[in-house]
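Student: Supplied structure: entry-v4.csv, CSV, C-alpha atoms.
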chain,number,residue,atom,x,y,z
A,1,GLU,CA,86.7,231.1,-8.3
A,2,ALA,CA,90.0,230.9,-10.1
A,3,GLN,CA,92.5,232.9,-8.0
A,4,VAL,CA,96.0,233.4,-6.6
A,5,THR,CA,95.9,233.8,-2.9
A,6,GLN,CA,98.7,235.5,-0.9
A,7,ASN,CA,98.9,235.8,2.8
A,8,PRO,CA,99.3,238.0,4.8
A,9,ARG,CA,98.2,241.2,3.0
A,10,TYR,CA,100.2,243.4,5.4
A,11,LEU,CA,103.2,242.4,7.5
A,12,ILE,CA,105.4,244.5,9.8
A,13,THR,CA,108.4,242.8,11.2
A,14,VAL,CA,111.9,243.5,12.7
A,15,THR,CA,115.3,242.9,11.2
A,16,GLY,CA,116.4,239.3,11.4
A,17,LYS,CA,113.1,237.7,12.3
A,18,LYS,CA,112.4,234.9,9.8
A,19,LEU,CA,109.1,235.2,7.9
A,20,THR,CA,107.1,233.3,5.2
A,21,VAL,CA,104.7,234.8,2.8
A,22,THR,CA,102.4,232.1,1.4
A,23,CYS,CA,101.1,231.9,-2.2
A,24,SER,CA,98.5,229.4,-3.4
A,25,GLN,CA,96.7,229.0,-6.8
A,26,ASN,CA,93.7,226.9,-7.6
A,27,MET,CA,94.1,226.9,-11.4
A,28,ASN,CA,96.6,224.0,-11.8
A,29,HIS,CA,99.2,226.3,-13.3
A,30,GLU,CA,102.7,225.0,-13.8
A,31,TYR,CA,104.4,228.3,-13.6
A,32,MET,CA,104.6,230.4,-10.4
A,33,SER,CA,106.7,233.4,-9.6
A,34,TRP,CA,107.4,236.1,-7.1
A,35,TYR,CA,108.0,239.8,-7.7
A,36,ARG,CA,108.7,242.8,-5.7
A,37,GLN,CA,107.4,246.2,-6.7
A,38,ASP,CA,109.3,249.3,-5.7
A,39,PRO,CA,108.6,252.9,-6.8
A,40,GLY,CA,110.4,253.8,-10.0
A,41,LEU,CA,111.6,250.3,-10.5
A,42,GLY,CA,108.5,248.5,-11.8
A,43,LEU,CA,108.3,244.8,-10.9
A,44,ARG,CA,111.4,242.7,-10.5
A,45,GLN,CA,111.3,239.0,-10.5
A,46,ILE,CA,112.7,237.3,-7.4
A,47,TYR,CA,112.2,233.6,-8.2
A,48,TYR,CA,110.1,231.5,-10.5
A,49,SER,CA,109.2,227.9,-10.8
A,50,MET,CA,108.3,225.9,-13.9
A,51,ASN,CA,106.9,223.0,-11.9
A,52,VAL,CA,107.1,221.0,-8.7
A,53,GLU,CA,110.7,220.9,-7.4
A,54,VAL,CA,111.9,223.2,-10.2
A,55,THR,CA,112.9,226.7,-9.2
A,56,ASP,CA,115.1,229.4,-10.8
A,57,LYS,CA,116.5,232.7,-9.7
A,58,GLY,CA,115.1,235.9,-11.1
A,59,ASP,CA,116.9,239.3,-11.1
A,60,VAL,CA,116.8,239.9,-7.3
A,61,PRO,CA,117.0,236.6,-5.5
A,62,GLU,CA,119.5,237.7,-2.7
A,63,GLY,CA,117.9,237.3,0.7
A,64,TYR,CA,115.0,235.2,-0.4
A,65,LYS,CA,114.3,231.5,-0.6
A,66,VAL,CA,111.4,229.6,-2.2
A,67,SER,CA,110.2,226.0,-2.4
A,68,ARG,CA,107.8,224.2,-4.7
A,69,LYS,CA,106.8,221.0,-3.0
A,70,GLU,CA,103.3,221.0,-4.3
A,71,LYS,CA,102.0,222.4,-7.6
A,72,ARG,CA,99.5,224.8,-6.0
A,73,ASN,CA,101.9,226.4,-3.4
A,74,PHE,CA,104.9,228.6,-3.8
A,75,PRO,CA,105.9,230.2,-0.5
A,76,LEU,CA,108.5,233.0,-0.3
A,77,ILE,CA,110.8,232.8,2.7
A,78,LEU,CA,112.9,235.6,4.2
A,79,GLU,CA,115.4,233.9,6.5
A,80,SER,CA,116.8,237.2,7.9
A,81,PRO,CA,114.8,240.2,6.7
A,82,SER,CA,116.5,243.5,6.4
A,83,PRO,CA,115.0,247.0,5.9
A,84,ASN,CA,116.0,247.0,2.2
A,85,GLN,CA,113.4,244.2,1.7
A,86,THR,CA,110.6,246.6,2.6
A,87,SER,CA,108.5,246.4,-0.5
A,88,LEU,CA,105.2,245.3,-2.1
A,89,TYR,CA,105.4,241.6,-3.1
A,90,PHE,CA,103.3,239.9,-5.7
A,91,CYS,CA,102.9,236.2,-6.4
A,92,ALA,CA,101.7,235.2,-9.9
A,93,SER,CA,101.0,232.0,-11.8
A,94,SER,CA,100.4,231.0,-15.4
A,95,PRO,CA,99.8,227.9,-17.4
A,96,LEU,CA,102.5,229.1,-19.8
A,97,LEU,CA,101.1,226.8,-22.4
A,98,TYR,CA,103.0,227.6,-25.6
A,99,ARG,CA,104.2,230.7,-23.8
A,100,VAL,CA,101.0,232.6,-24.7
A,101,SER,CA,99.2,232.9,-21.3
A,102,PRO,CA,99.5,236.0,-19.2
A,103,LEU,CA,100.3,236.0,-15.5
A,104,HIS,CA,97.5,235.9,-12.9
A,105,PHE,CA,98.5,237.9,-9.9
A,106,GLY,CA,97.7,237.7,-6.2
A,107,ASN,CA,96.5,240.7,-4.2
A,108,GLY,CA,100.0,241.5,-2.9
A,109,THR,CA,101.7,241.6,0.4
A,110,ARG,CA,103.0,244.8,1.8
A,111,LEU,CA,106.1,244.1,3.9
A,112,THR,CA,107.7,246.6,6.2
A,113,VAL,CA,111.0,245.6,7.9
A,114,THR,CA,112.1,247.9,10.7
B,1,GLU,CA,121.5,243.2,-19.2
B,2,LEU,CA,118.0,243.0,-20.5
B,3,LYS,CA,116.1,246.3,-20.3
B,4,VAL,CA,112.4,247.2,-20.7
B,5,GLU,CA,111.8,250.9,-20.9
B,6,GLN,CA,108.5,252.6,-20.8
B,7,ASN,CA,107.8,256.2,-21.8
B,8,PRO,CA,106.5,258.3,-20.4
B,9,LEU,CA,106.7,257.4,-16.7
B,10,PHE,CA,104.0,259.9,-15.8
B,11,LEU,CA,101.2,261.0,-18.0
B,12,SER,CA,98.5,263.6,-17.2
B,13,MET,CA,96.0,264.0,-19.9
B,14,GLN,CA,92.6,265.6,-20.4
B,15,GLU,CA,89.5,263.6,-21.0
B,16,GLY,CA,88.8,263.2,-24.6
B,17,LYS,CA,92.4,263.4,-25.7
B,18,ASN,CA,94.5,260.7,-27.4
B,19,TYR,CA,97.9,259.5,-26.3
B,20,THR,CA,100.4,256.7,-26.7
B,21,ILE,CA,102.6,254.9,-24.2
B,22,TYR,CA,105.8,253.3,-25.5
B,23,CYS,CA,107.5,250.1,-24.5
B,24,ASN,CA,111.0,249.4,-25.8
B,25,TYR,CA,112.9,246.2,-25.0
B,26,SER,CA,116.4,245.1,-25.6
B,27,THR,CA,116.0,241.3,-26.3
B,28,THR,CA,114.6,239.0,-28.9
B,29,SER,CA,111.0,238.3,-28.1
B,30,ASP,CA,107.6,237.8,-29.7
B,31,ARG,CA,105.7,237.7,-26.4
B,32,LEU,CA,104.6,241.1,-25.1
B,33,TYR,CA,102.1,241.7,-22.3
B,34,TRP,CA,100.3,244.7,-21.1
B,35,TYR,CA,98.9,245.0,-17.5
B,36,ARG,CA,96.9,247.5,-15.6
B,37,GLN,CA,97.3,248.3,-11.9
B,38,ASP,CA,94.8,250.5,-10.0
B,39,PRO,CA,96.1,252.3,-6.9
B,40,GLY,CA,96.5,249.8,-4.0
B,41,LYS,CA,95.4,246.9,-6.2
B,42,SER,CA,97.0,244.0,-8.0
B,43,LEU,CA,97.8,243.8,-11.7
B,44,GLU,CA,95.3,242.6,-14.3
B,45,SER,CA,96.1,241.5,-17.8
B,46,LEU,CA,95.0,243.7,-20.6
B,47,PHE,CA,96.6,242.3,-23.8
B,48,VAL,CA,98.9,239.5,-24.9
B,49,LEU,CA,100.7,240.2,-28.2
B,50,LEU,CA,102.2,237.1,-29.7
B,51,SER,CA,103.7,238.0,-33.1
B,52,ASN,CA,105.2,240.8,-35.1
B,53,GLY,CA,102.5,243.2,-36.3
B,54,ALA,CA,100.0,242.0,-33.7
B,55,VAL,CA,97.3,244.5,-32.8
B,56,LYS,CA,94.7,244.1,-30.1
B,57,GLN,CA,91.9,246.5,-29.1
B,58,GLU,CA,89.6,246.6,-26.1
B,59,GLY,CA,87.4,249.7,-25.7
B,60,ARG,CA,89.6,252.8,-25.8
B,61,LEU,CA,92.8,250.9,-25.6
B,62,MET,CA,94.8,249.5,-28.5
B,63,ALA,CA,98.1,247.7,-28.2
B,64,SER,CA,100.5,246.8,-31.0
B,65,LEU,CA,103.8,245.0,-31.4
B,66,ASP,CA,106.8,245.5,-33.7
B,67,THR,CA,109.3,242.8,-32.9
B,68,LYS,CA,111.8,244.1,-35.4
B,69,ALA,CA,111.9,247.5,-33.7
B,70,ARG,CA,111.5,245.8,-30.3
B,71,LEU,CA,108.7,248.2,-29.6
B,72,SER,CA,105.2,248.0,-28.3
B,73,THR,CA,102.7,250.8,-28.0
B,74,LEU,CA,99.5,251.2,-26.0
B,75,HIS,CA,97.3,253.8,-27.6
B,76,ILE,CA,94.6,255.6,-25.6
B,77,THR,CA,91.7,257.0,-27.6
B,78,ALA,CA,89.4,259.7,-26.2
B,79,ALA,CA,90.6,259.2,-22.6
B,80,VAL,CA,88.1,258.9,-19.8
B,81,HIS,CA,88.7,259.2,-16.0
B,82,ASP,CA,88.2,255.4,-15.6
B,83,LEU,CA,91.4,254.8,-17.5
B,84,SER,CA,93.5,256.4,-14.7
B,85,ALA,CA,95.9,253.7,-13.5
B,86,THR,CA,99.4,252.5,-13.9
B,87,TYR,CA,100.2,250.5,-17.0
B,88,PHE,CA,103.0,248.0,-17.3
B,89,CYS,CA,104.4,246.2,-20.2
B,90,ALA,CA,106.2,242.9,-19.8
B,91,VAL,CA,108.4,240.9,-22.1
B,92,LEU,CA,109.0,237.1,-22.2
B,93,PRO,CA,112.3,236.6,-24.1
B,94,SER,CA,112.4,234.0,-26.9
B,95,THR,CA,114.7,231.9,-24.7
B,96,GLY,CA,114.2,231.6,-21.0
B,97,ASN,CA,111.1,231.7,-18.7
B,98,GLN,CA,111.7,234.9,-16.8
B,99,PHE,CA,109.3,237.9,-17.3
B,100,TYR,CA,110.8,241.3,-17.5
B,101,PHE,CA,108.6,244.3,-16.6
B,102,GLY,CA,108.9,248.0,-17.6
B,103,THR,CA,108.9,250.6,-14.9
B,104,GLY,CA,105.3,251.4,-15.5
B,105,THR,CA,103.4,254.5,-16.8
B,106,SER,CA,101.2,256.3,-14.3
B,107,LEU,CA,98.3,257.7,-16.2
B,108,THR,CA,96.0,260.4,-14.7
B,109,VAL,CA,93.0,261.5,-16.8
B,110,ILE,CA,91.8,264.9,-15.8
B,111,PRO,CA,88.2,265.9,-16.3
Please go through the file and, once you have read it, give me the structure as structure tokens.
Tutor:
Amino acid sequence: EAQVTQNPRYLITVTGKKLTVTCSQNMNHEYMSWYRQDPGLGLRQIYYSMNVEVTDKGDVPEGYKVSRKEKRNFPLILESPSPNQTSLYFCASSPLLYRVSPLHFGNGTRLTVT
Amino acid sequence: ELKVEQNPLFLSMQEGKNYTIYCNYSTTSDRLYWYRQDPGKSLESLFVLLSNGAVKQEGRLMASLDTKARLSTLHITAAVHDLSATYFCAVLPSTGNQFYFGTGTSLTVIP
């Protein structure tokens, strides 16, 4: 089944404790991206990647890191999480061929930082 | 600063009624996407609009795009309870590879 898989689905952590949210897609998509969803703000892009070893900042990259060492994986790293990073996070991928394809979203990761 | 504005943010409508959700954006683009999100769920793609004047329909939903006005609409015909969800529009600017989402419209269809 074609899908984008995020883990974990729920995560509660404390301020300053490094964490990684994994994202993997099995559709051979070039484009992968991370978003955070907050009430009243919609989805805001954190980082995106056009292909292996190519990453770019979105609108809200502060406090986050990403890497794209393999085409299928695009982990989101919070080196020192803070309470303002409590949010619902989505990973998404797209073939982006001729810029016509929609994003395929993972099931989301709800992160709480205390 | 690029903006994508949706109106209304909240919409409560009776079954059987018609309504339109508006999506205005502030950049040059001919790529407009509509997504649906059910409570506690992920986003699923509804429509991809690729050019000025594009119109797509699926069941009771119809989406259109006016690139000159920088406006997309999502029209709901004869609403049913199953359409209750949050709807997002998203824009991919003509230059660049970053998607910009609207704030979402939370639709509740009341029997």
Student: Kindly assemble as a tab-separated table a list of the chain B residues that lie within 9 Å of chain A, each paired with its nearest atom pair and their distance in Å to one decimal, using all atoms listed in the file, sorted first by chain and then by ascending residue number.
Tutor:
residue	atom	partner	partner_atom	distance
B:Leu9	CA	A:Gly40	CA	8.5
B:Arg31	CA	A:Val100	CA	7.1
B:Tyr33	CA	A:Pro102	CA	7.0
B:Trp34	CA	A:Pro102	CA	8.9
B:Lys41	CA	A:Asn107	CA	6.6
B:Ser42	CA	A:Asn107	CA	5.1
B:Leu43	CA	A:Phe105	CA	6.2
B:Glu44	CA	A:His104	CA	7.2
B:Ser45	CA	A:Pro102	CA	6.6
B:Phe47	CA	A:Pro102	CA	8.3
B:Val48	CA	A:Pro102	CA	6.7
B:Leu49	CA	A:Val100	CA	8.4
B:Leu50	CA	A:Val100	CA	6.8
B:Phe88	CA	A:Gly42	CA	7.8
B:Leu92	CA	A:Arg99	CA	8.2
B:Asn97	CA	A:Met50	CA	8.0
B:Gln98	CA	A:Gly58	CA	6.7
B:Phe99	CA	A:Gln45	CA	7.2
B:Tyr100	CA	A:Arg44	CA	7.2
B:Phe101	CA	A:Leu43	CA	5.7
B:Gly102	CA	A:Gly42	CA	5.8
B:Thr103	CA	A:Gly42	CA	3.8
B:Gly104	CA	A:Gly42	CA	5.7
Student: Write a file of the selected residues as a compact mmCIF listing (two decimals), in the coordinates of the input, keeping C-alpha atoms.
Tutor:
# COMPACT_ATOMS: atom_id res chain seq x y z
CA LEU B 9 106.70 257.40 -16.70
CA ARG B 31 105.70 237.70 -26.40
CA TYR B 33 102.10 241.70 -22.30
CA TRP B 34 100.30 244.70 -21.10
CA LYS B 41 95.40 246.90 -6.20
CA SER B 42 97.00 244.00 -8.00
CA LEU B 43 97.80 243.80 -11.70
CA GLU B 44 95.30 242.60 -14.30
CA SER B 45 96.10 241.50 -17.80
CA PHE B 47 96.60 242.30 -23.80
CA VAL B 48 98.90 239.50 -24.90
CA LEU B 49 100.70 240.20 -28.20
CA LEU B 50 102.20 237.10 -29.70
CA PHE B 88 103.00 248.00 -17.30
CA LEU B 92 109.00 237.10 -22.20
CA ASN B 97 111.10 231.70 -18.70
CA GLN B 98 111.70 234.90 -16.80
CA PHE B 99 109.30 237.90 -17.30
CA TYR B 100 110.80 241.30 -17.50
CA PHE B 101 108.60 244.30 -16.60
CA GLY B 102 108.90 248.00 -17.60
CA THR B 103 108.90 250.60 -14.90
CA GLY B 104 105.30 251.40 -15.50
Student: Mind pulling up the distance from atom CA of Phe10 of chain B to atom CA of Ser64 of chain B?
Tutor: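 So the answer is 20.4 Å.
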Student: Just give me the gap between atom CA of Thr95 of chain B and atom CA of Ser87 of chain A in Å, one decimal is fine.
Tutor: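 Separation of atom CA of Thr95 of chain B and atom CA of Ser87 of chain A: 28.9 Å.
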Student: Counting all atoms listed in the file, figure out which residue out of B:Leu71, B:Val109, B:Leu11, B:Val55 gets nearest to Ala90 of chain B.
Tutor: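 Checking each of B:Leu71, B:Val109, B:Leu11, B:Val55 against Ala90 of chain B, counting all atoms listed in the file, the winner is B:Leu71.
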Student: Please measure the separation of atom CA of Gly63 of chain A and atom CA of Lys18 of chain A, giving the value in Å to one decimal.
Tutor: 10.9 Å
Student: Could you give me, as a list in words, the residues within 8 Å of Thr114 of chain A, counting all atoms listed in the file and dropping anything in the same chain fewer than 4 positions from it?
Tutor: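 With the cut-off at 8 Å, the set is Ile12, Thr13, Val14, Thr15, Ser82 and Pro83 of chain A.
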Student: Between A:Lys65, A:Arg36, A:Lys71, A:Lys17, which residue has the minimum interatomic distance to Ser93 of chain A, considering all atoms listed in the file?
Tutor: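 Among the listed residues, A:Lys71 lies closest to Ser93 of chain A.
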Student: Hey, can you pull every residue with an atom no more than 7 Å from (117.8, 235.7, 5.5), using only C-alpha atoms, and send it as number ranges by chain?
Tutor: A: 18, 63-64, 78-81
Student: Please, can segment 7-25 of chain A be completed to N, CA, C and O atoms and returned as a PDB file, in the coordinates of the input?
Tutor:
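Dumped to rebuild.pdb:
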ATOM      1  N   ASN A   7      99.078 235.437   1.449  1.00  0.00           N
ATOM      2  CA  ASN A   7      98.900 235.800   2.800  1.00  0.00           C
ATOM      3  C   ASN A   7     100.236 236.001   3.535  1.00  0.00           C
ATOM      4  O   ASN A   7     101.168 235.243   3.262  1.00  0.00           O
ATOM      5  N   PRO A   8     100.339 237.000   4.427  1.00  0.00           N
ATOM      6  CA  PRO A   8      99.300 238.000   4.800  1.00  0.00           C
ATOM      7  C   PRO A   8      99.273 239.125   3.745  1.00  0.00           C
ATOM      8  O   PRO A   8     100.127 239.203   2.869  1.00  0.00           O
ATOM      9  N   ARG A   9      98.300 240.010   3.849  1.00  0.00           N
ATOM     10  CA  ARG A   9      98.200 241.200   3.000  1.00  0.00           C
ATOM     11  C   ARG A   9      99.206 242.270   3.482  1.00  0.00           C
ATOM     12  O   ARG A   9      99.781 243.016   2.689  1.00  0.00           O
ATOM     13  N   TYR A  10      99.335 242.375   4.779  1.00  0.00           N
ATOM     14  CA  TYR A  10     100.200 243.400   5.400  1.00  0.00           C
ATOM     15  C   TYR A  10     101.075 242.649   6.448  1.00  0.00           C
ATOM     16  O   TYR A  10     100.575 241.817   7.181  1.00  0.00           O
ATOM     17  N   LEU A  11     102.338 243.039   6.519  1.00  0.00           N
ATOM     18  CA  LEU A  11     103.200 242.400   7.500  1.00  0.00           C
ATOM     19  C   LEU A  11     104.281 243.440   7.922  1.00  0.00           C
ATOM     20  O   LEU A  11     104.973 244.005   7.069  1.00  0.00           O
ATOM     21  N   ILE A  12     104.366 243.656   9.218  1.00  0.00           N
ATOM     22  CA  ILE A  12     105.400 244.500   9.800  1.00  0.00           C
ATOM     23  C   ILE A  12     106.250 243.621  10.683  1.00  0.00           C
ATOM     24  O   ILE A  12     105.722 242.926  11.554  1.00  0.00           O
ATOM     25  N   THR A  13     107.558 243.639  10.456  1.00  0.00           N
ATOM     26  CA  THR A  13     108.400 242.800  11.200  1.00  0.00           C
ATOM     27  C   THR A  13     109.732 243.542  11.549  1.00  0.00           C
ATOM     28  O   THR A  13     109.924 244.680  11.110  1.00  0.00           O
ATOM     29  N   VAL A  14     110.596 242.884  12.296  1.00  0.00           N
ATOM     30  CA  VAL A  14     111.900 243.500  12.700  1.00  0.00           C
ATOM     31  C   VAL A  14     113.004 242.787  11.961  1.00  0.00           C
ATOM     32  O   VAL A  14     112.886 241.623  11.549  1.00  0.00           O
ATOM     33  N   THR A  15     114.089 243.471  11.833  1.00  0.00           N
ATOM     34  CA  THR A  15     115.300 242.900  11.200  1.00  0.00           C
ATOM     35  C   THR A  15     115.674 241.590  11.794  1.00  0.00           C
ATOM     36  O   THR A  15     115.754 241.476  13.018  1.00  0.00           O
ATOM     37  N   GLY A  16     115.887 240.599  10.925  1.00  0.00           N
ATOM     38  CA  GLY A  16     116.400 239.300  11.400  1.00  0.00           C
ATOM     39  C   GLY A  16     115.356 238.280  11.768  1.00  0.00           C
ATOM     40  O   GLY A  16     115.719 237.119  11.990  1.00  0.00           O
ATOM     41  N   LYS A  17     114.100 238.647  11.843  1.00  0.00           N
ATOM     42  CA  LYS A  17     113.100 237.700  12.300  1.00  0.00           C
ATOM     43  C   LYS A  17     112.487 236.978  11.042  1.00  0.00           C
ATOM     44  O   LYS A  17     111.771 237.590  10.229  1.00  0.00           O
ATOM     45  N   LYS A  18     112.773 235.699  10.944  1.00  0.00           N
ATOM     46  CA  LYS A  18     112.400 234.900   9.800  1.00  0.00           C
ATOM     47  C   LYS A  18     110.861 235.011   9.529  1.00  0.00           C
ATOM     48  O   LYS A  18     110.060 234.997  10.462  1.00  0.00           O
ATOM     49  N   LEU A  19     110.502 235.110   8.253  1.00  0.00           N
ATOM     50  CA  LEU A  19     109.100 235.200   7.900  1.00  0.00           C
ATOM     51  C   LEU A  19     108.834 234.411   6.604  1.00  0.00           C
ATOM     52  O   LEU A  19     109.742 234.222   5.783  1.00  0.00           O
ATOM     53  N   THR A  20     107.583 234.007   6.447  1.00  0.00           N
ATOM     54  CA  THR A  20     107.100 233.300   5.200  1.00  0.00           C
ATOM     55  C   THR A  20     105.885 233.993   4.706  1.00  0.00           C
ATOM     56  O   THR A  20     104.947 234.240   5.480  1.00  0.00           O
ATOM     57  N   VAL A  21     105.877 234.271   3.420  1.00  0.00           N
ATOM     58  CA  VAL A  21     104.700 234.800   2.800  1.00  0.00           C
ATOM     59  C   VAL A  21     104.155 233.606   1.899  1.00  0.00           C
ATOM     60  O   VAL A  21     104.894 233.054   1.076  1.00  0.00           O
ATOM     61  N   THR A  22     102.905 233.248   2.117  1.00  0.00           N
ATOM     62  CA  THR A  22     102.400 232.100   1.400  1.00  0.00           C
ATOM     63  C   THR A  22     101.694 232.527   0.099  1.00  0.00           C
ATOM     64  O   THR A  22     101.205 233.648  -0.038  1.00  0.00           O
ATOM     65  N   CYS A  23     101.707 231.624  -0.863  1.00  0.00           N
ATOM     66  CA  CYS A  23     101.100 231.900  -2.200  1.00  0.00           C
ATOM     67  C   CYS A  23     100.447 230.528  -2.594  1.00  0.00           C
ATOM     68  O   CYS A  23     101.151 229.512  -2.636  1.00  0.00           O
ATOM     69  N   SER A  24      99.179 230.570  -2.966  1.00  0.00           N
ATOM     70  CA  SER A  24      98.500 229.400  -3.400  1.00  0.00           C
ATOM     71  C   SER A  24      97.615 229.707  -4.606  1.00  0.00           C
ATOM     72  O   SER A  24      96.963 230.746  -4.627  1.00  0.00           O
ATOM     73  N   GLN A  25      97.609 228.806  -5.606  1.00  0.00           N
ATOM     74  CA  GLN A  25      96.700 229.000  -6.800  1.00  0.00           C
ATOM     75  C   GLN A  25      95.890 227.751  -6.983  1.00  0.00           C
ATOM     76  O   GLN A  25      96.359 226.638  -6.760  1.00  0.00           O
TER      77      GLN A  25
END
